[in-house]
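The data block below is protein.tsv; it holds TSV, C-alpha atoms.
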```
chain	number	residue	atom	x	y	z
A	1	MET	CA	0.75	-36.29	-2.05
A	2	ALA	CA	0.72	-34.72	1.42
A	3	PRO	CA	0.30	-30.94	1.66
A	4	SER	CA	3.48	-29.00	2.38
A	5	PRO	CA	3.99	-27.45	5.83
A	6	ALA	CA	3.72	-23.99	4.27
A	7	HIS	CA	0.39	-24.89	2.66
A	8	SER	CA	-0.97	-26.27	5.94
A	9	SER	CA	0.11	-23.13	7.77
A	10	ALA	CA	-1.62	-20.91	5.18
A	11	GLN	CA	-4.81	-22.97	5.56
A	12	ARG	CA	-4.74	-22.51	9.34
A	13	VAL	CA	-4.37	-18.73	8.91
A	14	ALA	CA	-7.29	-18.69	6.48
A	15	ASP	CA	-9.31	-20.71	9.00
A	16	ARG	CA	-8.52	-18.13	11.68
A	17	VAL	CA	-9.47	-15.20	9.43
A	18	GLU	CA	-12.73	-16.91	8.42
A	19	LEU	CA	-13.67	-17.34	12.08
A	20	ALA	CA	-12.63	-13.75	12.82
A	21	ILE	CA	-14.94	-12.40	10.10
A	22	GLU	CA	-17.79	-14.49	11.52
A	23	ALA	CA	-17.07	-13.03	14.98
A	24	LEU	CA	-17.03	-9.51	13.52
A	25	ILE	CA	-20.45	-10.06	11.91
A	26	GLU	CA	-21.81	-11.23	15.26
A	27	ALA	CA	-20.18	-8.47	17.32
A	28	ARG	CA	-21.48	-5.71	15.06
A	29	GLY	CA	-24.92	-7.26	14.78
A	30	LEU	CA	-24.74	-7.25	10.97
A	31	ALA	CA	-27.93	-8.54	9.40
A	32	VAL	CA	-28.91	-9.79	5.96
A	33	GLY	CA	-28.20	-7.08	3.40
A	34	ASP	CA	-25.70	-5.20	5.57
A	35	ARG	CA	-22.31	-4.45	4.02
A	36	LEU	CA	-19.04	-5.79	5.37
A	37	PRO	CA	-16.12	-3.39	5.86
A	38	SER	CA	-13.91	-3.00	2.79
A	39	GLU	CA	-11.21	-5.57	2.11
A	40	ARG	CA	-8.58	-3.01	3.03
A	41	ALA	CA	-10.28	-2.26	6.36
A	42	LEU	CA	-10.76	-5.96	7.11
A	43	SER	CA	-7.15	-6.70	6.26
A	44	GLU	CA	-5.97	-4.04	8.71
A	45	MET	CA	-8.43	-5.03	11.44
A	46	LEU	CA	-7.61	-8.72	11.26
A	47	GLY	CA	-3.91	-8.41	10.51
A	48	ALA	CA	-4.27	-10.60	7.43
A	49	SER	CA	-2.82	-10.34	3.96
A	50	ARG	CA	-5.16	-9.55	1.07
A	51	ASN	CA	-4.68	-13.05	-0.37
A	52	THR	CA	-5.55	-14.76	2.91
A	53	LEU	CA	-8.49	-12.44	3.44
A	54	ARG	CA	-9.87	-13.14	-0.03
A	55	GLU	CA	-9.57	-16.89	0.53
A	56	ALA	CA	-11.55	-16.55	3.78
A	57	LEU	CA	-14.17	-14.41	2.05
A	58	MET	CA	-14.50	-16.93	-0.77
A	59	ARG	CA	-15.07	-19.68	1.79
A	60	LEU	CA	-17.79	-17.63	3.44
A	61	GLY	CA	-19.31	-17.00	0.03
A	62	ALA	CA	-19.26	-20.71	-0.81
A	63	ARG	CA	-21.07	-21.42	2.46
A	64	GLY	CA	-23.73	-18.83	1.62
A	65	ARG	CA	-22.76	-16.69	4.61
A	66	ILE	CA	-21.96	-13.66	2.46
A	67	THR	CA	-22.57	-12.57	-1.11
A	68	ILE	CA	-19.44	-11.59	-3.00
A	69	ARG	CA	-19.99	-8.37	-4.96
A	70	LYS	CA	-17.66	-6.09	-6.84
A	71	GLY	CA	-18.94	-3.02	-5.00
A	72	GLY	CA	-18.60	-4.63	-1.58
A	73	ASN	CA	-19.48	-7.89	0.12
A	74	ILE	CA	-22.80	-8.14	1.96
A	75	ILE	CA	-24.31	-10.49	4.51
A	76	ALA	CA	-26.34	-13.14	2.70
A	77	GLU	CA	-29.58	-14.72	3.77
A	78	PRO	CA	-29.00	-18.41	4.58
A	79	ALA	CA	-30.39	-20.83	1.99
A	80	GLU	CA	-32.62	-22.44	4.64
A	81	ALA	CA	-34.09	-19.03	5.48
A	82	ARG	CA	-34.83	-18.30	1.82
A	83	TRP	CA	-36.54	-21.67	1.54
A	84	THR	CA	-38.73	-21.18	4.62
A	85	ALA	CA	-39.63	-17.64	3.55
A	86	ALA	CA	-40.67	-18.80	0.08
A	87	THR	CA	-42.56	-21.91	1.17
A	88	ILE	CA	-43.95	-20.96	4.59
A	89	ALA	CA	-43.89	-17.29	5.52
A	90	ASP	CA	-44.66	-15.56	2.22
A	91	PRO	CA	-47.69	-17.66	1.17
A	92	LEU	CA	-49.28	-17.38	4.63
A	93	ALA	CA	-48.41	-13.77	5.48
A	94	SER	CA	-51.42	-12.11	3.83
A	95	VAL	CA	-53.81	-14.74	5.20
A	96	VAL	CA	-52.48	-14.43	8.73
A	97	ALA	CA	-52.43	-10.61	8.61
A	98	GLY	CA	-56.10	-10.55	7.57
A	99	ASN	CA	-57.29	-12.90	10.30
A	100	PRO	CA	-55.79	-12.57	13.79
A	101	GLY	CA	-57.22	-15.98	14.69
A	102	PHE	CA	-54.48	-17.56	12.62
A	103	GLY	CA	-52.02	-16.19	15.15
A	104	HIS	CA	-53.21	-18.80	17.61
A	105	ASP	CA	-52.53	-21.51	15.02
A	106	VAL	CA	-49.01	-20.11	14.70
A	107	LEU	CA	-48.59	-20.33	18.48
A	108	GLU	CA	-49.59	-23.99	18.40
A	109	VAL	CA	-46.91	-24.68	15.79
A	110	ARG	CA	-44.40	-22.67	17.80
A	111	ARG	CA	-45.09	-24.83	20.83
A	112	GLY	CA	-44.04	-27.97	18.98
A	113	LEU	CA	-41.00	-26.37	17.38
A	114	GLU	CA	-39.75	-24.64	20.51
A	115	GLY	CA	-40.16	-27.74	22.62
A	116	GLN	CA	-37.84	-29.52	20.18
A	117	ALA	CA	-35.43	-26.58	20.14
A	118	ALA	CA	-35.24	-26.52	23.94
A	119	TYR	CA	-34.76	-30.30	24.08
A	120	HIS	CA	-31.84	-30.28	21.64
A	121	ALA	CA	-30.36	-27.08	23.10
A	122	ALA	CA	-30.10	-28.84	26.46
A	123	LEU	CA	-28.11	-31.60	24.76
A	124	ARG	CA	-25.94	-29.45	22.48
A	125	ALA	CA	-25.58	-25.92	23.85
A	126	THR	CA	-22.02	-24.63	24.08
A	127	PRO	CA	-20.82	-22.10	26.69
A	128	ASP	CA	-21.11	-19.40	24.00
A	129	ASP	CA	-24.71	-20.46	23.29
A	130	LEU	CA	-25.57	-20.19	26.97
A	131	ASP	CA	-23.96	-16.76	27.18
A	132	ALA	CA	-26.08	-15.61	24.21
A	133	ILE	CA	-29.27	-16.84	25.89
A	134	ARG	CA	-28.32	-15.09	29.14
A	135	ARG	CA	-27.68	-11.83	27.27
A	136	CYS	CA	-31.18	-12.01	25.82
A	137	ILE	CA	-32.63	-12.37	29.32
A	138	ASP	CA	-30.61	-9.34	30.43
A	139	GLN	CA	-31.93	-7.34	27.47
A	140	LEU	CA	-35.49	-8.29	28.33
A	141	SER	CA	-34.99	-6.96	31.84
A	142	ALA	CA	-33.37	-3.74	30.60
A	143	TYR	CA	-36.19	-2.99	28.14
A	144	HIS	CA	-38.78	-3.73	30.81
A	145	GLU	CA	-37.18	-1.21	33.16
A	146	LYS	CA	-37.28	1.37	30.35
A	147	GLY	CA	-40.97	0.65	29.74
A	148	ASP	CA	-40.35	-0.15	26.06
A	149	ALA	CA	-42.91	-2.92	25.44
A	150	VAL	CA	-42.23	-3.11	21.69
A	151	ALA	CA	-38.49	-3.64	22.20
A	152	GLU	CA	-39.26	-6.08	24.99
A	153	ALA	CA	-41.42	-8.19	22.68
A	154	ARG	CA	-38.61	-8.24	20.12
A	155	ALA	CA	-36.11	-9.23	22.80
A	156	ASP	CA	-38.45	-12.07	23.73
A	157	ALA	CA	-38.27	-13.34	20.14
A	158	ALA	CA	-34.48	-13.03	20.24
A	159	PHE	CA	-34.42	-15.14	23.42
A	160	HIS	CA	-36.32	-17.98	21.78
A	161	LEU	CA	-34.27	-17.78	18.60
A	162	ALA	CA	-31.08	-17.93	20.69
A	163	ILE	CA	-32.36	-21.23	22.07
A	164	ALA	CA	-33.01	-22.39	18.51
A	165	ASP	CA	-29.42	-21.43	17.65
A	166	ALA	CA	-28.25	-23.52	20.60
A	167	SER	CA	-30.09	-26.55	19.16
A	168	HIS	CA	-27.57	-26.47	16.30
A	169	ASN	CA	-30.29	-27.39	13.83
A	170	ALA	CA	-30.24	-24.79	11.04
A	171	VAL	CA	-33.57	-25.83	9.51
A	172	LEU	CA	-35.35	-25.72	12.86
A	173	ARG	CA	-33.96	-22.25	13.49
A	174	SER	CA	-35.09	-20.98	10.08
A	175	VAL	CA	-38.60	-22.38	10.42
A	176	MET	CA	-38.90	-20.85	13.90
A	177	SER	CA	-37.78	-17.50	12.54
A	178	SER	CA	-40.58	-17.67	9.95
A	179	MET	CA	-43.07	-18.45	12.69
A	180	PHE	CA	-42.06	-15.31	14.58
A	181	GLY	CA	-42.52	-13.27	11.41
A	182	LEU	CA	-46.03	-14.64	10.95
A	183	LEU	CA	-46.80	-14.09	14.60
A	184	GLN	CA	-45.78	-10.44	14.40
A	185	SER	CA	-47.95	-10.06	11.27
A	186	SER	CA	-51.05	-11.31	13.00
A	187	ILE	CA	-50.96	-10.33	16.65
A	188	SER	CA	-48.14	-7.83	17.09
A	189	GLU	CA	-50.41	-5.59	19.13
A	190	SER	CA	-51.16	-8.43	21.52
A	191	LEU	CA	-47.46	-9.28	21.83
A	192	ASP	CA	-46.69	-5.68	22.71
A	193	LYS	CA	-49.47	-5.64	25.29
A	194	LEU	CA	-48.36	-8.97	26.75
A	195	TYR	CA	-45.58	-7.23	28.65
A	196	ILE	CA	-47.74	-4.54	30.21
A	197	VAL	CA	-50.48	-6.80	31.59
A	198	PRO	CA	-50.22	-6.66	35.42
A	199	ARG	CA	-48.09	-9.46	36.90
A	200	THR	CA	-47.48	-10.98	33.45
A	201	TYR	CA	-43.87	-9.84	33.24
A	202	GLU	CA	-42.95	-11.50	36.53
A	203	ARG	CA	-44.39	-14.83	35.38
A	204	LEU	CA	-42.77	-14.61	31.96
A	205	SER	CA	-39.44	-13.72	33.53
A	206	ALA	CA	-39.61	-16.70	35.89
A	207	GLN	CA	-40.51	-19.00	33.00
A	208	HIS	CA	-37.61	-17.72	30.91
A	209	GLN	CA	-35.22	-18.30	33.79
A	210	THR	CA	-36.50	-21.85	34.33
A	211	LEU	CA	-36.07	-22.56	30.63
A	212	MET	CA	-32.55	-21.17	30.70
A	213	ASP	CA	-31.66	-23.16	33.84
A	214	THR	CA	-32.91	-26.48	32.46
A	215	ILE	CA	-30.95	-25.97	29.24
A	216	ALA	CA	-27.81	-25.02	31.17
A	217	ALA	CA	-28.26	-28.14	33.34
A	218	GLY	CA	-28.45	-30.32	30.24
A	219	ASP	CA	-31.86	-31.70	31.26
A	220	ALA	CA	-33.51	-32.14	27.85
A	221	ASP	CA	-36.88	-33.45	29.08
A	222	ALA	CA	-37.22	-30.69	31.68
A	223	ALA	CA	-36.26	-28.09	29.07
A	224	ARG	CA	-39.01	-29.31	26.74
A	225	ARG	CA	-41.56	-29.21	29.59
A	226	ALA	CA	-40.46	-25.70	30.56
A	227	SER	CA	-40.88	-24.57	26.94
A	228	ASP	CA	-44.32	-26.19	26.66
A	229	ASP	CA	-45.51	-24.59	29.91
A	230	HIS	CA	-44.23	-21.18	28.83
A	231	LEU	CA	-45.92	-21.27	25.41
A	232	ALA	CA	-49.18	-22.51	26.96
A	233	PHE	CA	-49.13	-19.50	29.29
A	234	VAL	CA	-48.37	-17.11	26.41
A	235	ALA	CA	-51.18	-18.55	24.28
A	236	GLN	CA	-53.72	-18.29	27.11
A	237	THR	CA	-52.67	-14.74	28.00
A	238	ILE	CA	-52.90	-13.55	24.38
A	239	ARG	CA	-56.28	-15.27	24.01
A	240	THR	CA	-57.50	-13.37	27.08
A	241	ILE	CA	-56.20	-10.10	25.63
A	242	ASP	CA	-57.95	-10.77	22.31
A	243	GLU	CA	-61.22	-11.66	24.04
A	244	GLU	CA	-61.11	-8.47	26.11
A	245	ARG	CA	-60.42	-6.39	23.01
A	246	ALA	CA	-63.34	-8.04	21.15
A	247	ARG	CA	-65.59	-7.38	24.15
A	248	ARG	CA	-64.70	-3.68	24.13
A	249	GLU	CA	-65.31	-3.47	20.40
A	250	ARG	CA	-68.77	-5.01	20.80
A	251	ALA	CA	-69.58	-2.56	23.58
A	252	ASP	CA	-68.42	0.37	21.43
A	253	THR	CA	-70.60	-0.85	18.56
A	254	LEU	CA	-73.64	-1.01	20.84
A	255	ARG	CA	-72.99	2.51	22.16
A	256	ARG	CA	-72.71	3.90	18.65
A	257	SER	CA	-75.92	2.14	17.63
A	258	ALA	CA	-77.74	3.61	20.62
A	259	ARG	CA	-76.84	7.15	19.50
A	260	ILE	CA	-78.34	6.68	16.04
```

Will you turn the file into structure tokens for me?
Amino acid sequence: MAPSPAHSSAQRVADRVELAIEALIEARGLAVGDRLPSERALSEMLGASRNTLREALMRLGARGRITIRKGGNIIAEPAEARWTAATIADPLASVVAGNPGFGHDVLEVRRGLEGQAAYHAALRATPDDLDAIRRCIDQLSAYHEKGDAVAEARADAAFHLAIADASHNAVLRSVMSSMFGLLQSSISESLDKLYIVPRTYERLSAQHQTLMDTIAAGDADAARRASDDHLAFVAQTIRTIDEERARRERADTLRRSARI
């Protein structure tokens, strides 16, 4: 039996409200664990009836996008993210944190993952995806002008994750997110310093722009090469920073020994 016109119309409204809630989550930057506005507030904001709103919320709950709770709905962690956290990030976090050398292993894995992300982003990125990547580049520039190296390093991660989003591969995006978490655990100090090494910012900025341009042009092979070249530069620069730090620590140890 075919659905009635009234039923089809109600479904289209629910579709619109579901998309509107997703857009609201994105616009407000709501993260896992954050609370959505109340049903009453959402109904007024979106111009939707309570019944339509609840149907849209139930759909989002069924997709794992939100968790439905009596005291208020919250943003849920995607199932893929929970899986990667439990099987990749959590077991390795303490090991990586206790041995900065593992950070270089993480970078090697990142290189393979991000090359794939860039390749598929070049094939699949939508205009909205490209806008999101461009906004990340703008944020990087703004934080650099403010001299906020910590925020700049985080914006760098957001840039690469925006490319992963543009690949439209949810598992790839989740695994990459875990890699960034491990990377921050092991060599966060080096990442922060990466942006204050003389002439490093200019090279990183040029590499980011090339990566963006190749994705926007739809050149998948060039995008993968641009990603590989960028990660190779990052790995070498961080290795140099680590070696210089170790050299200073050895010199300090010798000076302290000489005073005894």

(request) Write out as a PyMOL selection string which residues come within 7 Å of stretch 113-123 of chain A when counting all atoms listed in the file, dropping same-chain ones fewer than 6 positions away. (result) chain A and resi 163-164+166-167+176+215-216+218-221+223-224+227-228

Env of stretch 34-44 of chain A: 6 Å cut, atoms = all atoms listed in the file, seq-sep filter 6 positions within chain, self excluded. Answer as a CSV table (one decimal) with C-alpha atoms, in the frame of the given file.
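What ended up in around-v3.csv:
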```
chain,number,residue,atom,x,y,z
A,73,ASN,CA,-19.5,-7.9,0.1
A,74,ILE,CA,-22.8,-8.1,2.0
A,75,ILE,CA,-24.3,-10.5,4.5
```

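A straight line drawn from atom CA of A:Ala155 to atom CA of A:Ala142 is 9.9 Å long.
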
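Counting from atom CA of A:Asp242, the distance to atom CA of A:Arg199 is 17.7 Å.
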
(message) Can you measure atom CA of A:Leu57 to atom CA of A:Arg135 for me? One decimal in Å is fine.
(response)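 Going from atom CA of A:Leu57 over to atom CA of A:Arg135 covers 28.7 Å.
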
(request) Please provide as a list in words all residues within 9 Å of A:Val17, with the sequence filter that same-chain residues fewer than 2 positions apart are discarded (counting only C-alpha atoms). (result)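 Here the qualifying residues turn out to be Arg12, Val13, Ala14, Asp15, Leu19, Ala20, Ile21, Glu22, Leu46, Gly47, Ala48, Thr52, Leu53, Ala56 and Leu57 of chain A.
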
Kindly export the residues of the current selection with C-alpha atoms, as a short mmCIF file (atom, residue, chain, number, x, y, z; two decimals), in the coordinates of the input.
```cif
data_model
loop_
_atom_site.label_atom_id
_atom_site.label_comp_id
_atom_site.auth_asym_id
_atom_site.auth_seq_id
_atom_site.Cartn_x
_atom_site.Cartn_y
_atom_site.Cartn_z
CA ARG A 12 -4.74 -22.51 9.34
CA VAL A 13 -4.37 -18.73 8.91
CA ALA A 14 -7.29 -18.69 6.48
CA ASP A 15 -9.31 -20.71 9.00
CA LEU A 19 -13.67 -17.34 12.08
CA ALA A 20 -12.63 -13.75 12.82
CA ILE A 21 -14.94 -12.40 10.10
CA GLU A 22 -17.79 -14.49 11.52
CA LEU A 46 -7.61 -8.72 11.26
CA GLY A 47 -3.91 -8.41 10.51
CA ALA A 48 -4.27 -10.60 7.43
CA THR A 52 -5.55 -14.76 2.91
CA LEU A 53 -8.49 -12.44 3.44
CA ALA A 56 -11.55 -16.55 3.78
CA LEU A 57 -14.17 -14.41 2.05
#
```
